[in-house]
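S.K.: See model_4.cif below, with mmCIF, N, CA and C atoms.
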```cif
data_work
#
loop_
_atom_site.label_atom_id
_atom_site.label_comp_id
_atom_site.auth_asym_id
_atom_site.auth_seq_id
_atom_site.Cartn_x
_atom_site.Cartn_y
_atom_site.Cartn_z
N MET A 490 -100.03 303.38 177.86
CA MET A 490 -101.29 304.02 178.12
C MET A 490 -102.18 303.04 178.86
N ALA A 491 -102.73 303.44 179.93
CA ALA A 491 -103.56 302.58 180.77
C ALA A 491 -105.02 302.77 180.42
N ILE A 492 -105.77 301.69 180.48
CA ILE A 492 -107.21 301.75 180.24
C ILE A 492 -107.89 301.66 181.59
N ASN A 493 -108.71 302.61 181.86
CA ASN A 493 -109.41 302.65 183.14
C ASN A 493 -110.87 302.27 182.95
N ASN A 494 -111.49 301.92 184.03
CA ASN A 494 -112.92 301.62 184.08
C ASN A 494 -113.32 300.46 183.17
N VAL A 495 -112.53 299.43 183.14
CA VAL A 495 -112.90 298.23 182.40
C VAL A 495 -114.05 297.59 183.17
N ASN A 496 -115.11 297.18 182.43
CA ASN A 496 -116.32 296.60 183.02
C ASN A 496 -116.98 297.57 183.99
N ASN A 497 -116.75 298.86 183.76
CA ASN A 497 -117.35 299.90 184.61
C ASN A 497 -117.01 299.71 186.08
N GLY A 498 -115.87 299.14 186.35
CA GLY A 498 -115.43 298.97 187.72
C GLY A 498 -116.05 297.78 188.41
N LEU A 499 -116.90 297.01 187.70
CA LEU A 499 -117.54 295.84 188.30
C LEU A 499 -116.58 294.67 188.24
N PRO A 500 -116.75 293.73 189.15
CA PRO A 500 -115.89 292.56 189.11
C PRO A 500 -116.20 291.74 187.87
N LYS A 501 -115.18 291.06 187.39
CA LYS A 501 -115.30 290.25 186.20
C LYS A 501 -116.19 289.05 186.50
N ALA A 502 -117.15 288.78 185.56
CA ALA A 502 -118.07 287.66 185.75
C ALA A 502 -117.32 286.36 185.50
N PRO A 503 -117.60 285.34 186.31
CA PRO A 503 -116.92 284.06 186.11
C PRO A 503 -117.35 283.43 184.78
N VAL A 504 -116.44 282.72 184.19
CA VAL A 504 -116.71 282.05 182.91
C VAL A 504 -117.41 280.73 183.20
N ASP A 505 -118.52 280.52 182.50
CA ASP A 505 -119.25 279.26 182.63
C ASP A 505 -118.70 278.31 181.57
N ASN A 506 -117.81 277.43 182.04
CA ASN A 506 -117.14 276.51 181.11
C ASN A 506 -118.12 275.59 180.39
N ASN A 507 -119.17 275.18 181.07
CA ASN A 507 -120.16 274.31 180.43
C ASN A 507 -120.83 275.02 179.26
N LYS A 508 -121.16 276.29 179.43
CA LYS A 508 -121.80 277.07 178.38
C LYS A 508 -120.85 277.26 177.19
N VAL A 509 -119.61 277.56 177.48
CA VAL A 509 -118.61 277.75 176.42
C VAL A 509 -118.43 276.45 175.64
N ASN A 510 -118.31 275.34 176.35
CA ASN A 510 -118.13 274.04 175.70
C ASN A 510 -119.32 273.69 174.82
N SER A 511 -120.53 273.93 175.32
CA SER A 511 -121.72 273.59 174.54
C SER A 511 -121.82 274.48 173.30
N GLN A 512 -121.43 275.76 173.42
CA GLN A 512 -121.45 276.65 172.25
C GLN A 512 -120.43 276.19 171.21
N GLN A 513 -119.26 275.79 171.67
CA GLN A 513 -118.24 275.31 170.75
C GLN A 513 -118.68 274.01 170.06
N GLN A 514 -119.35 273.16 170.83
CA GLN A 514 -119.82 271.89 170.27
C GLN A 514 -120.90 272.14 169.22
N VAL A 515 -121.82 273.07 169.49
CA VAL A 515 -122.87 273.40 168.53
C VAL A 515 -122.24 273.94 167.24
N LYS A 516 -121.26 274.83 167.41
CA LYS A 516 -120.59 275.42 166.26
C LYS A 516 -119.85 274.33 165.47
N SER A 517 -119.21 273.42 166.16
CA SER A 517 -118.49 272.32 165.51
C SER A 517 -119.46 271.43 164.75
N ASN A 518 -120.63 271.14 165.36
CA ASN A 518 -121.64 270.30 164.70
C ASN A 518 -122.18 270.98 163.45
N GLN A 519 -122.39 272.30 163.53
CA GLN A 519 -122.90 273.04 162.38
C GLN A 519 -121.89 272.99 161.23
N THR A 520 -120.63 273.18 161.56
CA THR A 520 -119.58 273.15 160.54
C THR A 520 -119.50 271.78 159.90
N ALA A 521 -119.58 270.73 160.71
CA ALA A 521 -119.53 269.36 160.19
C ALA A 521 -120.74 269.09 159.30
N ALA A 522 -121.90 269.58 159.71
CA ALA A 522 -123.12 269.38 158.91
C ALA A 522 -123.01 270.11 157.58
N GLN A 523 -122.45 271.31 157.61
CA GLN A 523 -122.29 272.07 156.36
C GLN A 523 -121.32 271.37 155.42
N GLN A 524 -120.23 270.86 155.98
CA GLN A 524 -119.26 270.15 155.15
C GLN A 524 -119.87 268.88 154.57
N ALA A 525 -120.65 268.17 155.35
CA ALA A 525 -121.30 266.95 154.88
C ALA A 525 -122.30 267.27 153.77
N ALA A 526 -123.06 268.35 153.95
CA ALA A 526 -124.04 268.75 152.94
C ALA A 526 -123.34 269.16 151.65
N ALA A 527 -122.23 269.86 151.76
CA ALA A 527 -121.49 270.30 150.58
C ALA A 527 -120.92 269.11 149.82
N SER A 528 -120.34 268.15 150.54
CA SER A 528 -119.77 266.98 149.87
C SER A 528 -120.88 266.11 149.27
N ALA A 529 -122.03 266.02 149.94
CA ALA A 529 -123.15 265.25 149.39
C ALA A 529 -123.68 265.91 148.13
N ALA A 530 -123.73 267.24 148.10
CA ALA A 530 -124.20 267.95 146.92
C ALA A 530 -123.25 267.73 145.75
N GLN A 531 -121.95 267.73 146.03
CA GLN A 531 -120.98 267.48 144.96
C GLN A 531 -121.09 266.06 144.45
N ALA A 532 -121.31 265.12 145.33
CA ALA A 532 -121.39 263.72 144.93
C ALA A 532 -122.68 263.44 144.16
N SER A 533 -123.77 264.08 144.54
CA SER A 533 -125.06 263.80 143.90
C SER A 533 -125.23 264.55 142.60
N THR A 534 -124.43 265.58 142.35
CA THR A 534 -124.55 266.32 141.10
C THR A 534 -123.99 265.47 139.97
N ALA A 535 -124.82 265.23 138.97
CA ALA A 535 -124.40 264.42 137.83
C ALA A 535 -123.40 265.22 136.99
N PRO A 536 -122.45 264.54 136.41
CA PRO A 536 -121.50 265.26 135.55
C PRO A 536 -122.22 265.87 134.35
N ARG A 537 -121.75 267.03 133.95
CA ARG A 537 -122.37 267.74 132.84
C ARG A 537 -122.16 266.99 131.54
N GLN A 538 -123.20 266.91 130.76
CA GLN A 538 -123.12 266.23 129.47
C GLN A 538 -122.96 267.26 128.37
N ASP A 539 -122.09 266.98 127.41
CA ASP A 539 -121.93 267.84 126.25
C ASP A 539 -123.07 267.57 125.27
N SER A 540 -123.42 268.59 124.52
CA SER A 540 -124.46 268.39 123.52
C SER A 540 -124.11 269.21 122.28
N VAL A 541 -124.65 268.76 121.17
CA VAL A 541 -124.42 269.42 119.89
C VAL A 541 -125.76 269.62 119.22
N SER A 542 -125.96 270.79 118.64
CA SER A 542 -127.17 271.00 117.85
C SER A 542 -126.76 271.58 116.51
N LEU A 543 -127.35 271.05 115.46
CA LEU A 543 -127.02 271.47 114.11
C LEU A 543 -128.05 272.47 113.61
N THR A 544 -127.59 273.44 112.84
CA THR A 544 -128.52 274.39 112.25
C THR A 544 -129.34 273.69 111.19
N GLN A 545 -130.41 274.33 110.77
CA GLN A 545 -131.27 273.74 109.76
C GLN A 545 -130.50 273.57 108.45
N SER A 546 -129.65 274.52 108.11
CA SER A 546 -128.85 274.42 106.88
C SER A 546 -127.92 273.21 106.94
N ALA A 547 -127.31 272.99 108.09
CA ALA A 547 -126.41 271.84 108.24
C ALA A 547 -127.19 270.53 108.13
N GLN A 548 -128.39 270.50 108.65
CA GLN A 548 -129.21 269.29 108.56
C GLN A 548 -129.60 269.02 107.10
N GLN A 549 -129.95 270.11 106.38
CA GLN A 549 -130.30 269.94 104.97
C GLN A 549 -129.10 269.45 104.16
N LEU A 550 -127.94 270.01 104.42
CA LEU A 550 -126.73 269.59 103.73
C LEU A 550 -126.44 268.12 104.01
N ASN A 551 -126.64 267.70 105.22
CA ASN A 551 -126.44 266.29 105.58
C ASN A 551 -127.39 265.39 104.79
N GLN A 552 -128.64 265.81 104.64
CA GLN A 552 -129.61 265.03 103.88
C GLN A 552 -129.21 264.93 102.41
N VAL A 553 -128.73 266.05 101.84
CA VAL A 553 -128.30 266.06 100.44
C VAL A 553 -127.12 265.12 100.25
N GLN A 554 -126.18 265.14 101.19
CA GLN A 554 -125.02 264.26 101.08
C GLN A 554 -125.44 262.79 101.14
N LYS A 555 -126.40 262.48 102.01
CA LYS A 555 -126.87 261.09 102.11
C LYS A 555 -127.55 260.66 100.81
N LYS A 556 -128.37 261.57 100.24
CA LYS A 556 -129.06 261.24 98.99
C LYS A 556 -128.07 261.08 97.84
N SER A 557 -127.04 261.92 97.81
CA SER A 557 -126.08 261.86 96.70
C SER A 557 -125.25 260.58 96.75
N ALA A 558 -125.09 260.01 97.92
CA ALA A 558 -124.32 258.76 98.05
C ALA A 558 -125.05 257.60 97.40
N ASP A 559 -126.38 257.70 97.29
CA ASP A 559 -127.18 256.61 96.73
C ASP A 559 -127.37 256.73 95.22
N VAL A 560 -126.99 257.87 94.62
CA VAL A 560 -127.19 258.10 93.20
C VAL A 560 -126.09 257.40 92.40
N PRO A 561 -126.50 256.68 91.34
CA PRO A 561 -125.48 256.01 90.53
C PRO A 561 -124.66 257.03 89.73
N VAL A 562 -123.40 256.69 89.46
CA VAL A 562 -122.49 257.58 88.74
C VAL A 562 -122.25 257.01 87.34
N ASN A 563 -122.35 257.88 86.34
CA ASN A 563 -122.06 257.48 84.97
C ASN A 563 -120.55 257.63 84.77
N GLN A 564 -119.83 256.58 85.04
CA GLN A 564 -118.37 256.63 85.03
C GLN A 564 -117.82 256.97 83.64
N GLU A 565 -118.49 256.53 82.59
CA GLU A 565 -118.03 256.83 81.23
C GLU A 565 -118.05 258.34 80.97
N LYS A 566 -119.11 258.99 81.39
CA LYS A 566 -119.22 260.44 81.21
C LYS A 566 -118.16 261.17 82.05
N VAL A 567 -117.94 260.70 83.27
CA VAL A 567 -116.94 261.30 84.15
C VAL A 567 -115.55 261.20 83.51
N ASP A 568 -115.24 260.04 82.93
CA ASP A 568 -113.93 259.85 82.30
C ASP A 568 -113.76 260.77 81.09
N LYS A 569 -114.82 260.95 80.27
CA LYS A 569 -114.75 261.85 79.11
C LYS A 569 -114.50 263.30 79.56
N LEU A 570 -115.22 263.71 80.61
CA LEU A 570 -115.04 265.07 81.12
C LEU A 570 -113.63 265.28 81.67
N LYS A 571 -113.11 264.31 82.38
CA LYS A 571 -111.75 264.40 82.92
C LYS A 571 -110.74 264.59 81.78
N LYS A 572 -110.90 263.78 80.74
CA LYS A 572 -109.98 263.84 79.61
C LYS A 572 -110.06 265.21 78.92
N ALA A 573 -111.29 265.72 78.75
CA ALA A 573 -111.47 267.02 78.09
C ALA A 573 -110.87 268.15 78.93
N ILE A 574 -111.03 268.08 80.25
CA ILE A 574 -110.48 269.12 81.14
C ILE A 574 -108.96 269.07 81.11
N GLN A 575 -108.39 267.87 81.18
CA GLN A 575 -106.93 267.72 81.20
C GLN A 575 -106.30 268.19 79.88
N SER A 576 -107.00 267.97 78.80
CA SER A 576 -106.43 268.36 77.50
C SER A 576 -106.71 269.82 77.16
N GLY A 577 -107.57 270.47 77.95
CA GLY A 577 -107.89 271.88 77.70
C GLY A 577 -109.00 272.07 76.68
N GLU A 578 -109.66 271.01 76.28
CA GLU A 578 -110.74 271.09 75.29
C GLU A 578 -112.08 271.48 75.92
N TYR A 579 -112.21 271.30 77.21
CA TYR A 579 -113.49 271.58 77.89
C TYR A 579 -113.63 273.07 78.13
N LYS A 580 -114.71 273.66 77.62
CA LYS A 580 -114.98 275.09 77.80
C LYS A 580 -116.23 275.25 78.64
N VAL A 581 -116.19 276.20 79.57
CA VAL A 581 -117.30 276.46 80.49
C VAL A 581 -118.10 277.65 79.98
N ASP A 582 -119.43 277.48 79.89
CA ASP A 582 -120.32 278.58 79.53
C ASP A 582 -120.77 279.21 80.85
N PRO A 583 -120.27 280.42 81.18
CA PRO A 583 -120.55 281.01 82.49
C PRO A 583 -122.04 281.28 82.74
N GLN A 584 -122.78 281.67 81.72
CA GLN A 584 -124.20 281.95 81.93
C GLN A 584 -124.98 280.66 82.21
N SER A 585 -124.66 279.64 81.47
CA SER A 585 -125.32 278.36 81.69
C SER A 585 -124.98 277.81 83.08
N LEU A 586 -123.73 277.94 83.47
CA LEU A 586 -123.30 277.48 84.79
C LEU A 586 -124.02 278.23 85.90
N ALA A 587 -124.12 279.55 85.76
CA ALA A 587 -124.81 280.37 86.78
C ALA A 587 -126.27 279.96 86.91
N LYS A 588 -126.95 279.71 85.80
CA LYS A 588 -128.36 279.30 85.84
C LYS A 588 -128.51 277.95 86.56
N LYS A 589 -127.59 277.04 86.27
CA LYS A 589 -127.67 275.72 86.89
C LYS A 589 -127.38 275.78 88.39
N ILE A 590 -126.44 276.64 88.80
CA ILE A 590 -126.14 276.80 90.23
C ILE A 590 -127.35 277.39 90.95
N ALA A 591 -127.98 278.40 90.32
CA ALA A 591 -129.16 279.03 90.92
C ALA A 591 -130.29 278.02 91.06
N ARG A 592 -130.49 277.18 90.02
CA ARG A 592 -131.55 276.17 90.07
C ARG A 592 -131.26 275.14 91.17
N LEU A 593 -130.01 274.72 91.29
CA LEU A 593 -129.64 273.75 92.33
C LEU A 593 -129.88 274.32 93.72
N GLU A 594 -129.47 275.57 93.93
CA GLU A 594 -129.69 276.19 95.25
C GLU A 594 -131.18 276.32 95.56
N SER A 595 -131.97 276.64 94.56
CA SER A 595 -133.41 276.76 94.81
C SER A 595 -134.02 275.40 95.16
N GLU A 596 -133.49 274.34 94.55
CA GLU A 596 -133.98 272.99 94.88
C GLU A 596 -133.56 272.59 96.29
N ILE A 597 -132.32 272.93 96.66
CA ILE A 597 -131.82 272.56 97.98
C ILE A 597 -132.52 273.33 99.08
N PHE A 598 -132.65 274.63 98.89
CA PHE A 598 -133.17 275.48 99.97
C PHE A 598 -134.65 275.83 99.79
N GLY A 599 -135.31 275.27 98.77
CA GLY A 599 -136.74 275.44 98.61
C GLY A 599 -137.14 276.85 98.20
N MET A 600 -136.26 277.55 97.46
CA MET A 600 -136.60 278.90 96.99
C MET A 600 -136.92 278.84 95.50
N LYS A 601 -137.69 279.82 95.06
CA LYS A 601 -137.98 279.91 93.64
C LYS A 601 -136.95 280.80 92.98
N SER A 602 -136.51 280.40 91.79
CA SER A 602 -135.53 281.22 91.07
C SER A 602 -136.17 282.10 90.04
#
```
Now, as a test, write the supplied structure out as structure tokens.

M.R.:
Amino acid sequence: MAINNVNNGLPKAPVDNNKVNSQQQVKSNQTAAQQAAASAAQASTAPRQDSVSLTQSAQQLNQVQKKSADVPVNQEKVDKLKKAIQSGEYKVDPQSLAKKIARLESEIFGMKS
């Protein structure tokens, strides 16, 4: 299939090599500038730092653990309790235990029981 009337029958305009070269050079310079800017941005960007934040409950638990490490231990009482538990003589009063747990939680978390 033939195409007729290319350029509306007018003669083809001569190519201005100087104009083409300058356009290519401008485009090349722009590309080089973009690449340089991209690599500079990557180089200047500081590496991301990891961070950790603890909830208020975790901070309180940490404080309780630090305080408990400083409390003296009555080793004689601990040994008696161990012996009673191992021999099966130690009996737990569930109501008394529940009251003590509730009181401890209220002290730790600042609630009234």

S.K.: Which distance in Å separates atom C of Ser542 in chain A and atom N of Gln554 in chain A, to one decimal?

M.R.: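 Computing the Euclidean distance for atom C of Ser542 in chain A and atom N of Gln554 in chain A yields 16.6 Å.
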
S.K.: Report the distance between atom C of Gln548 in chain A and atom C of Phe598 in chain A in Å, rounded to one decimal place.

M.R.: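 If I compute the distance from atom C of Gln548 in chain A to atom C of Phe598 in chain A, I get 11.2 Å.
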
S.K.: As an exercise, work out the distance from CA of Gln519 in chain A to CA of Asn506 in chain A in Å and give it to one decimal place.

M.R.: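 Between these atoms lies a distance of 19.9 Å.
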
S.K.: Could you give me the axis-aligned bounding box of range 537-552 of chain A, with 8 Å of padding per side, as centre plus edge lengths in Å to one decimal, as lines of an AutoDock Vina configuration file?

M.R.:
```
center_x = -126.5
center_y = 269.7
center_z = 118.2
size_x = 25.5
size_y = 25.6
size_z = 47.5
```

S.K.: Write down as a PyMOL selection string the residues belonging to range 537-579 of chain A that are assigned alpha helix (DSSP H) by DSSP computed on the backbone.

M.R.: chain A and resi 545-559+564-576
